[in-house]
>>> print(open('data_23.txt').read())   # compact mmCIF, C-alpha atoms
# COMPACT_ATOMS: atom_id res chain seq x y z
CA MET A 1 -79.57 -88.37 -87.15
CA SER A 2 -81.73 -89.37 -84.17
CA ILE A 3 -79.36 -87.61 -81.79
CA ILE A 4 -79.36 -84.45 -83.90
CA LEU A 5 -83.17 -84.41 -83.90
CA THR A 6 -83.25 -85.04 -80.15
CA PHE A 7 -81.01 -82.09 -79.38
CA PHE A 8 -82.83 -79.95 -81.94
CA ALA A 9 -86.11 -80.69 -80.13
CA LEU A 10 -84.47 -79.84 -76.78
CA PHE A 11 -83.15 -76.46 -77.89
CA PHE A 12 -86.28 -75.67 -79.91
CA LEU A 13 -88.42 -76.08 -76.78
CA ILE A 14 -85.97 -73.96 -74.79
CA SER A 15 -86.21 -71.21 -77.45
CA LEU A 16 -89.98 -71.20 -76.90
CA SER A 17 -89.37 -70.38 -73.19
CA VAL A 18 -90.72 -73.75 -72.07
CA PRO A 19 -89.37 -74.56 -68.57
CA VAL A 20 -86.03 -76.36 -68.87
CA GLY A 21 -87.21 -79.44 -66.96
CA LEU A 22 -90.14 -79.91 -69.33
CA CYS A 23 -87.84 -79.39 -72.32
CA ILE A 24 -85.51 -82.17 -71.17
CA GLY A 25 -88.42 -84.48 -70.34
CA GLY A 26 -90.14 -83.80 -73.67
CA ALA A 27 -86.96 -84.41 -75.67
CA THR A 28 -86.34 -87.65 -73.78
CA ILE A 29 -89.87 -88.95 -74.40
CA MET A 30 -89.66 -88.05 -78.10
CA ALA A 31 -86.29 -89.79 -78.47
CA ILE A 32 -87.46 -92.99 -76.78
CA VAL A 33 -90.76 -93.15 -78.67
CA LEU A 34 -89.36 -92.36 -82.13
CA PHE A 35 -85.80 -93.64 -82.12
CA SER A 36 -85.47 -96.36 -79.49
CA ASP A 37 -86.86 -99.73 -78.45
CA LEU A 38 -86.77 -98.72 -74.80
CA GLN A 39 -89.89 -98.51 -72.67
CA LEU A 40 -91.04 -95.13 -71.37
CA SER A 41 -90.86 -96.58 -67.87
CA VAL A 42 -87.07 -96.16 -68.00
CA ILE A 43 -87.63 -92.41 -67.56
CA ALA A 44 -89.27 -92.94 -64.18
CA GLN A 45 -86.71 -95.59 -63.26
CA TYR A 46 -83.65 -93.45 -63.96
CA SER A 47 -85.26 -90.28 -62.61
CA ILE A 48 -85.65 -91.96 -59.24
CA THR A 49 -82.23 -93.61 -59.42
CA GLY A 50 -80.63 -90.25 -60.19
CA LEU A 51 -82.01 -88.82 -56.94
CA ASP A 52 -81.28 -91.89 -54.82
CA SER A 53 -77.93 -90.68 -53.53
CA PHE A 54 -76.78 -89.72 -50.05
CA SER A 55 -74.61 -86.96 -51.54
CA MET A 56 -77.69 -85.32 -53.08
CA LEU A 57 -78.98 -84.52 -49.60
CA ALA A 58 -76.33 -81.80 -49.44
CA ILE A 59 -78.21 -79.69 -51.98
CA PRO A 60 -81.39 -78.82 -50.02
CA MET A 61 -79.33 -78.45 -46.84
CA PHE A 62 -76.95 -75.90 -48.38
CA ILE A 63 -79.91 -74.07 -49.94
CA LEU A 64 -81.57 -73.90 -46.51
CA ALA A 65 -78.35 -72.77 -44.81
CA GLY A 66 -77.88 -70.00 -47.37
CA THR A 67 -81.48 -68.84 -46.96
CA ILE A 68 -81.15 -68.62 -43.18
CA MET A 69 -77.77 -66.89 -43.29
CA SER A 70 -78.94 -64.29 -45.80
CA VAL A 71 -81.65 -62.98 -43.47
CA GLY A 72 -80.26 -63.96 -40.08
CA GLY A 73 -77.55 -61.32 -39.76
CA ILE A 74 -74.64 -63.46 -40.92
CA ALA A 75 -74.39 -61.92 -44.41
CA GLU A 76 -74.50 -58.38 -43.01
CA ARG A 77 -71.66 -59.04 -40.60
CA LEU A 78 -69.53 -60.57 -43.31
CA ILE A 79 -70.06 -57.40 -45.34
CA ASP A 80 -69.02 -55.29 -42.34
CA VAL A 81 -65.74 -57.18 -42.08
CA ALA A 82 -65.10 -56.79 -45.82
CA ALA A 83 -65.74 -53.05 -45.45
CA ILE A 84 -62.92 -52.81 -42.89
CA LEU A 85 -60.49 -54.38 -45.36
CA PHE A 86 -61.47 -52.52 -48.53
CA GLY A 87 -63.82 -49.65 -47.69
CA HIS A 88 -61.06 -47.02 -47.78
CA ILE A 89 -59.74 -47.71 -51.32
CA VAL A 90 -61.00 -46.41 -54.66
CA GLY A 91 -63.91 -48.60 -55.72
CA GLY A 92 -64.02 -49.92 -52.17
CA LEU A 93 -67.71 -50.81 -52.21
CA GLY A 94 -67.22 -53.02 -55.26
CA ALA A 95 -64.29 -54.70 -53.54
CA ILE A 96 -66.53 -55.23 -50.51
CA VAL A 97 -69.09 -56.96 -52.76
CA ALA A 98 -66.43 -59.29 -54.19
CA MET A 99 -64.94 -60.13 -50.79
CA SER A 100 -68.37 -60.59 -49.19
CA SER A 101 -69.32 -62.95 -52.02
CA MET A 102 -66.21 -65.00 -51.28
CA PHE A 103 -67.07 -65.14 -47.57
CA PHE A 104 -70.74 -65.92 -48.13
CA GLY A 105 -70.02 -68.38 -50.92
CA ALA A 106 -67.81 -70.32 -48.52
CA ILE A 107 -70.94 -70.93 -46.45
CA SER A 108 -73.99 -71.07 -48.71
CA GLY A 109 -72.56 -72.92 -51.74
CA SER A 110 -74.98 -71.13 -54.08
CA SER A 111 -74.42 -68.34 -56.59
CA LEU A 112 -78.07 -67.27 -56.62
CA ALA A 113 -78.23 -67.12 -52.81
CA THR A 114 -75.05 -65.03 -52.80
CA VAL A 115 -76.36 -62.60 -55.44
CA SER A 116 -79.65 -62.21 -53.59
CA ALA A 117 -78.14 -61.76 -50.12
CA ILE A 118 -75.23 -59.47 -51.04
CA GLY A 119 -77.13 -57.54 -53.72
CA SER A 120 -80.07 -56.59 -51.51
CA ILE A 121 -77.69 -55.10 -48.94
CA MET A 122 -74.84 -53.64 -51.01
CA VAL A 123 -76.33 -52.29 -54.24
CA PRO A 124 -78.39 -49.54 -52.52
CA GLN A 125 -75.21 -48.50 -50.67
CA MET A 126 -73.21 -48.41 -53.92
CA VAL A 127 -75.83 -46.26 -55.64
CA LYS A 128 -75.91 -43.93 -52.63
CA LYS A 129 -72.13 -43.46 -52.93
CA GLY A 130 -72.36 -42.52 -56.62
CA TYR A 131 -71.99 -45.85 -58.42
CA GLY A 132 -74.22 -46.47 -61.44
CA LEU A 133 -77.19 -48.70 -60.63
CA GLY A 134 -76.66 -50.91 -63.69
CA TYR A 135 -72.97 -51.42 -62.98
CA SER A 136 -73.58 -52.08 -59.27
CA ALA A 137 -76.18 -54.75 -60.02
CA VAL A 138 -74.22 -56.51 -62.77
CA PHE A 139 -71.00 -56.47 -60.76
CA THR A 140 -72.84 -58.08 -57.85
CA ALA A 141 -74.24 -60.75 -60.20
CA CYS A 142 -70.76 -61.53 -61.54
CA ALA A 143 -69.24 -61.57 -58.06
CA GLY A 144 -71.93 -64.01 -57.03
CA THR A 145 -70.38 -66.60 -59.36
CA ILE A 146 -67.64 -66.93 -56.75
CA GLY A 147 -70.30 -68.34 -54.43
CA ALA A 148 -70.42 -71.66 -56.27
CA VAL A 149 -66.69 -71.99 -56.97
CA ILE A 150 -65.37 -71.58 -53.44
CA PRO A 151 -66.47 -74.62 -51.41
CA PRO A 152 -68.91 -75.80 -50.32
CA SER A 153 -70.40 -75.73 -53.80
CA ILE A 154 -73.70 -77.19 -54.96
CA PRO A 155 -72.57 -77.48 -58.63
CA LEU A 156 -69.41 -79.30 -57.54
CA VAL A 157 -71.54 -81.71 -55.48
CA ILE A 158 -73.61 -82.41 -58.60
CA TYR A 159 -70.50 -82.95 -60.73
CA GLY A 160 -69.02 -85.27 -58.12
CA VAL A 161 -72.20 -87.36 -57.94
CA VAL A 162 -72.68 -87.83 -61.69
CA THR A 163 -69.01 -88.53 -62.46
CA GLY A 164 -67.99 -90.44 -59.33
CA THR A 165 -65.30 -87.85 -58.55
CA SER A 166 -64.37 -87.18 -54.92
CA ILE A 167 -66.43 -84.23 -53.67
CA GLY A 168 -63.78 -83.50 -51.05
CA ASP A 169 -61.13 -83.20 -53.79
CA LEU A 170 -63.43 -80.97 -55.83
CA PHE A 171 -63.96 -78.71 -52.82
CA LEU A 172 -60.20 -78.37 -52.32
CA ALA A 173 -59.73 -77.70 -56.03
CA GLY A 174 -62.24 -74.84 -55.99
CA ILE A 175 -60.49 -72.74 -53.35
CA VAL A 176 -57.68 -71.18 -55.41
CA PRO A 177 -59.78 -70.59 -58.58
CA GLY A 178 -62.47 -68.93 -56.44
CA ILE A 179 -59.92 -66.63 -54.83
CA LEU A 180 -58.43 -65.90 -58.27
CA ILE A 181 -61.81 -64.79 -59.62
CA GLY A 182 -62.40 -62.64 -56.54
CA ILE A 183 -59.04 -60.88 -56.84
CA GLY A 184 -59.58 -60.38 -60.57
CA LEU A 185 -62.96 -58.75 -59.97
CA ILE A 186 -61.48 -56.45 -57.31
CA ILE A 187 -58.71 -55.32 -59.69
CA GLY A 188 -61.11 -54.90 -62.61
CA ASN A 189 -63.51 -52.94 -60.42
CA TYR A 190 -60.70 -50.61 -59.32
CA PHE A 191 -59.86 -49.58 -62.89
CA THR A 192 -63.54 -49.36 -63.90
CA CYS A 193 -64.25 -47.03 -60.97
CA LYS A 194 -61.23 -44.90 -61.89
CA LYS A 195 -62.47 -44.63 -65.48
CA ARG A 196 -66.09 -43.87 -64.59
CA GLY A 197 -65.33 -41.58 -61.69
CA TYR A 198 -66.71 -43.84 -58.95
CA VAL A 199 -63.96 -42.67 -56.60
CA GLN A 200 -65.99 -42.14 -53.42
CA LYS A 201 -63.94 -43.54 -50.54
CA ASN A 202 -64.79 -44.26 -46.92
CA GLU A 203 -62.59 -43.16 -44.06
CA ARG A 204 -60.17 -45.78 -42.82
CA VAL A 205 -61.57 -47.49 -39.70
CA ASN A 206 -59.40 -47.19 -36.60
CA ALA A 207 -58.06 -50.27 -34.84
CA LYS A 208 -60.59 -50.15 -32.00
CA GLU A 209 -63.58 -50.05 -34.37
CA ALA A 210 -62.06 -52.77 -36.54
CA ILE A 211 -61.57 -55.11 -33.59
CA LYS A 212 -65.13 -54.44 -32.39
CA CYS A 213 -66.55 -55.19 -35.85
CA ILE A 214 -64.54 -58.39 -36.26
CA TRP A 215 -65.50 -59.55 -32.77
CA ASP A 216 -69.17 -58.92 -33.52
CA ALA A 217 -68.80 -61.01 -36.70
CA LYS A 218 -66.85 -63.82 -35.05
CA TRP A 219 -69.67 -66.37 -35.34
CA ALA A 220 -70.16 -65.53 -39.03
CA LEU A 221 -66.43 -65.81 -39.71
CA PHE A 222 -66.24 -69.06 -37.78
CA ALA A 223 -68.86 -70.73 -40.02
CA PRO A 224 -66.57 -71.70 -42.95
CA ILE A 225 -63.97 -72.93 -40.46
CA VAL A 226 -66.53 -75.26 -38.89
CA ILE A 227 -67.95 -76.45 -42.22
CA LEU A 228 -64.78 -76.87 -44.27
CA GLY A 229 -62.54 -77.72 -41.34
CA GLY A 230 -64.88 -80.54 -40.35
CA ILE A 231 -64.76 -81.97 -43.88
CA TYR A 232 -60.99 -81.94 -44.27
CA ALA A 233 -60.37 -83.11 -40.71
CA GLY A 234 -62.47 -86.16 -41.49
CA ILE A 235 -65.06 -85.34 -38.82
CA PHE A 236 -67.96 -85.40 -41.27
CA THR A 237 -68.63 -85.85 -44.99
CA PRO A 238 -69.61 -82.98 -47.33
CA THR A 239 -73.24 -84.09 -47.05
CA GLU A 240 -73.10 -84.12 -43.26
CA ALA A 241 -71.36 -80.73 -43.43
CA ALA A 242 -74.45 -79.32 -45.15
CA VAL A 243 -76.58 -80.42 -42.19
CA VAL A 244 -74.02 -78.93 -39.79
CA ALA A 245 -74.25 -75.67 -41.76
CA VAL A 246 -78.03 -75.58 -41.24
CA VAL A 247 -77.79 -76.29 -37.49
CA TYR A 248 -74.98 -73.76 -37.08
CA SER A 249 -76.85 -71.04 -39.01
CA VAL A 250 -80.00 -71.57 -36.94
CA ILE A 251 -78.10 -71.40 -33.65
CA VAL A 252 -76.22 -68.25 -34.67
CA SER A 253 -79.17 -66.43 -36.29
CA VAL A 254 -81.82 -67.30 -33.69
CA PHE A 255 -79.98 -67.61 -30.39
CA LEU A 256 -76.76 -65.57 -30.75
CA TYR A 257 -77.57 -62.72 -33.15
CA LYS A 258 -81.30 -62.95 -32.36
CA GLU A 259 -82.27 -61.60 -35.78
CA MET A 260 -84.52 -64.55 -36.64
CA THR A 261 -87.32 -66.31 -34.84
CA LEU A 262 -88.20 -70.00 -35.06
CA LYS A 263 -91.17 -68.91 -37.18
CA ASN A 264 -88.72 -67.35 -39.68
CA VAL A 265 -86.78 -70.62 -39.72
CA PHE A 266 -89.92 -72.56 -40.69
CA GLU A 267 -90.59 -69.99 -43.42
CA ALA A 268 -87.04 -70.57 -44.69
CA ILE A 269 -87.69 -74.33 -44.70
CA GLU A 270 -90.87 -73.77 -46.72
CA THR A 271 -88.98 -71.62 -49.26
CA THR A 272 -86.23 -74.21 -49.50
CA ALA A 273 -88.75 -77.00 -50.07
CA VAL A 274 -90.18 -75.17 -53.08
CA VAL A 275 -86.73 -74.46 -54.54
CA ASN A 276 -85.57 -78.03 -53.88
CA GLY A 277 -88.69 -79.42 -55.52
CA THR A 278 -87.76 -77.64 -58.74
CA THR A 279 -84.12 -78.67 -58.41
CA SER A 280 -85.00 -82.30 -57.71
CA TYR A 281 -87.26 -82.50 -60.75
CA LEU A 282 -84.48 -81.10 -62.93
CA LEU A 283 -81.99 -83.56 -61.46
CA GLY A 284 -84.28 -86.54 -61.90
CA ILE A 285 -85.37 -85.89 -65.47
CA SER A 286 -81.83 -84.87 -66.48
CA SER A 287 -80.55 -88.17 -65.09
CA ALA A 288 -83.03 -90.02 -67.29
CA PHE A 289 -81.92 -88.03 -70.34
CA ALA A 290 -78.26 -88.71 -69.54
CA ALA A 291 -79.03 -92.42 -69.14
CA TYR A 292 -80.70 -92.51 -72.56
CA LEU A 293 -77.68 -90.83 -74.15
CA SER A 294 -75.39 -93.34 -72.46
CA MET A 295 -77.46 -96.30 -73.72
CA GLU A 296 -77.20 -94.90 -77.24
CA LYS A 297 -73.40 -94.65 -76.76
CA ILE A 298 -73.38 -90.91 -77.34
CA PRO A 299 -70.38 -90.33 -75.02
CA THR A 300 -68.31 -92.71 -77.15
CA MET A 301 -69.44 -90.99 -80.35
CA ILE A 302 -68.54 -87.57 -78.92
CA THR A 303 -65.11 -88.79 -77.88
CA GLU A 304 -64.42 -90.20 -81.33
CA ALA A 305 -65.70 -87.03 -83.02
CA LEU A 306 -63.54 -84.74 -80.89
CA ILE A 307 -60.44 -86.88 -81.38
CA SER A 308 -61.05 -86.85 -85.12
CA VAL A 309 -61.15 -83.04 -85.04
CA THR A 310 -58.00 -82.59 -82.97
CA ASP A 311 -55.57 -84.55 -80.86
CA ASN A 312 -54.18 -81.33 -79.38
CA LYS A 313 -55.09 -80.87 -75.73
CA ILE A 314 -54.99 -77.06 -75.95
CA ILE A 315 -57.36 -76.96 -78.92
CA PHE A 316 -59.62 -79.53 -77.27
CA LEU A 317 -59.95 -77.43 -74.10
CA LEU A 318 -60.67 -74.34 -76.22
CA LEU A 319 -63.46 -76.18 -78.05
CA ILE A 320 -64.89 -77.47 -74.77
CA ASN A 321 -64.86 -73.98 -73.25
CA ILE A 322 -66.69 -72.55 -76.25
CA LEU A 323 -69.23 -75.39 -76.12
CA LEU A 324 -69.86 -75.00 -72.39
CA LEU A 325 -70.13 -71.21 -72.57
CA ILE A 326 -72.77 -71.54 -75.29
CA ILE A 327 -74.69 -74.22 -73.38
CA GLY A 328 -74.50 -72.15 -70.19
CA THR A 329 -76.36 -69.31 -71.88
CA VAL A 330 -79.49 -71.41 -72.41
CA ILE A 331 -79.44 -74.19 -69.77
CA ASP A 332 -79.04 -73.90 -66.01
CA ASN A 333 -75.75 -75.21 -64.61
CA ILE A 334 -77.32 -78.13 -62.72
CA PRO A 335 -79.08 -79.93 -65.61
CA ALA A 336 -76.20 -78.99 -67.94
CA THR A 337 -73.71 -80.65 -65.59
CA ILE A 338 -75.82 -83.79 -65.26
CA ILE A 339 -76.24 -84.15 -69.03
CA ILE A 340 -72.80 -83.14 -70.27
CA ALA A 341 -70.34 -84.31 -67.61
CA PRO A 342 -70.98 -88.06 -68.10
CA MET A 343 -70.80 -87.61 -71.88
CA LEU A 344 -67.41 -85.89 -71.76
CA LEU A 345 -65.86 -88.01 -68.99
CA PRO A 346 -64.51 -90.75 -71.32
CA THR A 347 -62.93 -88.06 -73.49
CA LEU A 348 -60.91 -86.65 -70.59
CA ALA A 349 -58.79 -89.80 -70.32
CA ALA A 350 -58.00 -89.64 -74.04
CA PHE A 351 -56.53 -86.15 -73.58
CA GLY A 352 -54.96 -86.77 -70.17
CA ILE A 353 -57.19 -84.30 -68.32
CA ASP A 354 -57.73 -84.76 -64.58
CA PRO A 355 -61.47 -85.16 -63.80
CA VAL A 356 -61.10 -82.88 -60.77
CA HIS A 357 -59.52 -80.14 -62.87
CA PHE A 358 -62.23 -80.57 -65.50
CA GLY A 359 -64.89 -80.30 -62.79
CA ILE A 360 -63.63 -76.80 -61.97
CA ILE A 361 -63.43 -75.86 -65.66
CA MET A 362 -67.01 -77.03 -66.26
CA THR A 363 -68.35 -75.33 -63.14
CA VAL A 364 -66.74 -71.97 -63.94
CA ASN A 365 -67.96 -72.13 -67.55
CA LEU A 366 -71.54 -72.88 -66.60
CA LEU A 367 -71.52 -70.28 -63.82
CA ILE A 368 -70.41 -67.66 -66.34
CA GLY A 369 -73.53 -68.77 -68.22
CA LEU A 370 -75.55 -67.50 -65.25
CA VAL A 371 -74.45 -63.96 -66.13
CA THR A 372 -74.63 -64.38 -69.92
CA PRO A 373 -77.80 -63.48 -71.85
CA PRO A 374 -80.23 -64.82 -72.92
CA TYR A 375 -80.50 -67.16 -69.91
CA GLY A 376 -78.51 -65.23 -67.31
CA CYS A 377 -80.30 -66.48 -64.21
CA SER A 378 -78.06 -64.44 -61.88
CA LEU A 379 -78.80 -61.38 -64.00
CA PHE A 380 -82.53 -61.97 -63.54
CA VAL A 381 -82.05 -62.27 -59.77
CA ALA A 382 -79.97 -59.07 -59.71
CA SER A 383 -82.59 -57.33 -61.85
CA ALA A 384 -85.36 -58.31 -59.43
CA VAL A 385 -83.44 -57.62 -56.21
CA CYS A 386 -82.04 -54.28 -57.40
CA ASN A 387 -85.12 -53.17 -59.37
CA VAL A 388 -83.17 -52.45 -62.56
CA LYS A 389 -84.06 -53.29 -66.16
CA PHE A 390 -82.39 -56.32 -67.72
CA GLU A 391 -81.22 -54.23 -70.69
CA THR A 392 -79.40 -51.87 -68.32
CA LEU A 393 -77.53 -54.81 -66.83
CA VAL A 394 -76.44 -56.04 -70.25
CA LYS A 395 -75.04 -52.60 -71.15
CA ASN A 396 -72.75 -52.74 -68.10
CA MET A 397 -71.53 -56.31 -68.62
CA PHE A 398 -68.22 -55.78 -70.41
CA ALA A 399 -65.67 -55.11 -67.63
CA PRO A 400 -66.70 -57.77 -65.05
CA PHE A 401 -67.49 -60.30 -67.77
CA LEU A 402 -64.01 -59.82 -69.26
CA VAL A 403 -62.50 -60.61 -65.84
CA LEU A 404 -64.49 -63.85 -65.67
CA ILE A 405 -63.31 -64.92 -69.14
CA ILE A 406 -59.66 -64.16 -68.32
CA SER A 407 -60.00 -66.11 -65.07
CA LEU A 408 -61.53 -69.03 -66.98
CA ILE A 409 -58.59 -69.09 -69.43
CA LEU A 410 -56.07 -69.15 -66.55
CA ILE A 411 -57.97 -71.88 -64.72
CA THR A 412 -58.24 -73.95 -67.91
CA TYR A 413 -54.62 -73.83 -68.99
CA ILE A 414 -52.90 -73.78 -65.59
CA PRO A 415 -54.08 -77.02 -63.93
CA ALA A 416 -51.95 -76.30 -60.85
CA LEU A 417 -54.40 -73.56 -59.85
CA SER A 418 -57.00 -76.27 -59.27
CA LEU A 419 -54.79 -79.16 -58.22
CA MET A 420 -52.12 -77.55 -56.02
CA LEU A 421 -54.00 -78.27 -52.76
CA LEU A 422 -54.70 -81.94 -53.51
>>> encode(input="data_23.txt", output="structure tokens")
Amino acid sequence: MSIILTFFALFFLISLSVPVGLCIGGATIMAIVLFSDLQLSVIAQYSITGLDSFSMLAIPMFILAGTIMSVGGIAERLIDVAAILFGHIVGGLGAIVAMSSMFFGAISGSSLATVSAIGSIMVPQMVKKGYGLGYSAVFTACAGTIGAVIPPSIPLVIYGVVTGTSIGDLFLAGIVPGILIGIGLIIGNYFTCKKRGYVQKNERVNAKEAIKCIWDAKWALFAPIVILGGIYAGIFTPTEAAVVAVVYSVIVSVFLYKEMTLKNVFEAIETTAVVNGTTSYLLGISSAFAAYLSMEKIPTMITEALISVTDNKIIFLLLINILLLIIGTVIDNIPATIIIAPMLLPTLAAFGIDPVHFGIIMTVNLLIGLVTPPYGCSLFVASAVCNVKFETLVKNMFAPFLVLIISLILITYIPALSLMLL
């Protein structure tokens, strides 16, 4: 009963639009005071412990790298290269958005950074070419989910930290699912554009122009090779790779492309500090909540409850997907991962599920939550960047959202998609 009341308090506060971090903290305090013999000091203790990890340093570094790249000319050049590949086909601008999100996601590690960077550049171009504003914005928001599936990925770093799973393995596991989602969105966009009459096509670029464009974007294209290649070659860890990404983005944006000044870099650091402050608070207080649940043996209770419902792996994964999709609509992916992943980890062994594979399943589920009302954080970003009403976005959700769900089903029930590169 105490656990039911604790979660009721959590979701009740969320329904009142109280900030998620305060909701988690309030529910934790209530649970300890009313239902436990623990001291309130354990909240501070586990909040600090939850942040005391070398791997966690990757988060602010990837946020900073994404901020610099989005305004330093790197994102624009990636879009130019994508335009060469897809600009001449029906629905080419949508395909450019999906491909650019894959490129940019392989550098920034953040869905929200990808939506903001790609959306601010591409959506006005899509509208100019005859695409509907609502569809353009919502497609960009859905494509931005690729940003946190293809490595480096901030949500995968979080999952790796809280479950003790190899972050390098998680990064490898995210490559094929990320590409799958990107291809699915490109195909879905093609048929949607055919149906709606968004058939404006660009002229095919000749070889000379294509070579010039690719050469101009060489430093942008080289970024994921440096970051990911360094990780898998054993030159540096994923956390060190985040620092390399920052240094690389500063060098390229300030000294090679010359589209940023050192003053702009300091402004980016200031912005990142504010964002990281919010993220760190969420991580800390969520760690305390997860610790309380662990002390009360909630993970064991959940495992026993799920096994009592079904011993079928297929049904279990279906139930987990439904649960995570619902949770993703009301809680951001970072605190959701910190709270839920440790609770479900013991259950995975009972059903023979690889923790790396489950990390991809959880990440994709919770990222879909970013484009699912009522939370829909990526939708809010797209709404703000593209100056379009939230209701308009929701009306255009069906086609790209369907692609994400189909991709999730394939990723869930075909483990090889995640594990083939390990």
>>> closest_atom_pairs(input="data_23.txt", of="segment 346-374 of chain A", to="segment 379-395 of chain A", cutoff="12 Å", atoms="all atoms listed in the file", output="JSON lines")
{"residue": "A:Leu367", "atom": "CA", "partner": "A:Leu379", "partner_atom": "CA", "distance": 11.5}
{"residue": "A:Ile368", "atom": "CA", "partner": "A:Leu379", "partner_atom": "CA", "distance": 10.7}
{"residue": "A:Gly369", "atom": "CA", "partner": "A:Leu379", "partner_atom": "CA", "distance": 10.0}
{"residue": "A:Leu370", "atom": "CA", "partner": "A:Leu379", "partner_atom": "CA", "distance": 7.0}
{"residue": "A:Val371", "atom": "CA", "partner": "A:Leu379", "partner_atom": "CA", "distance": 5.5}
{"residue": "A:Thr372", "atom": "CA", "partner": "A:Leu379", "partner_atom": "CA", "distance": 7.8}
{"residue": "A:Pro373", "atom": "CA", "partner": "A:Val394", "partner_atom": "CA", "distance": 7.7}
{"residue": "A:Pro374", "atom": "CA", "partner": "A:Leu379", "partner_atom": "CA", "distance": 9.7}
>>> atom_distance(input="data_23.txt", atom1="atom CA of Phe289 of chain A", atom2="atom CA of Asn276 of chain A")
19.6 Å
>>> atom_distance(input="data_23.txt", atom1="atom CA of Ile68 of chain A", atom2="atom CA of Ile96 of chain A")
21.1 Å
>>> closest_residue(input="data_23.txt", among="A:Leu172, A:Leu185, A:Leu57, A:Met69", to="Gly94 of chain A", atoms="all atoms listed in the file")
A:Leu185
>>> closest_residue(input="data_23.txt", among="A:Ala273, A:Ile302, A:Ile79, A:Ala416", to="Leu344 of chain A", atoms="all atoms listed in the file")
A:Ile302
>>> atom_distance(input="data_23.txt", atom1="atom CA of Met362 of chain A", atom2="atom CA of Phe139 of chain A")
21.7 Å
>>> closest_residue(input="data_23.txt", among="A:Ala148, A:Ile406, A:Ile314, A:Ile285", to="Val42 of chain A", atoms="only C-alpha atoms")
A:Ile285
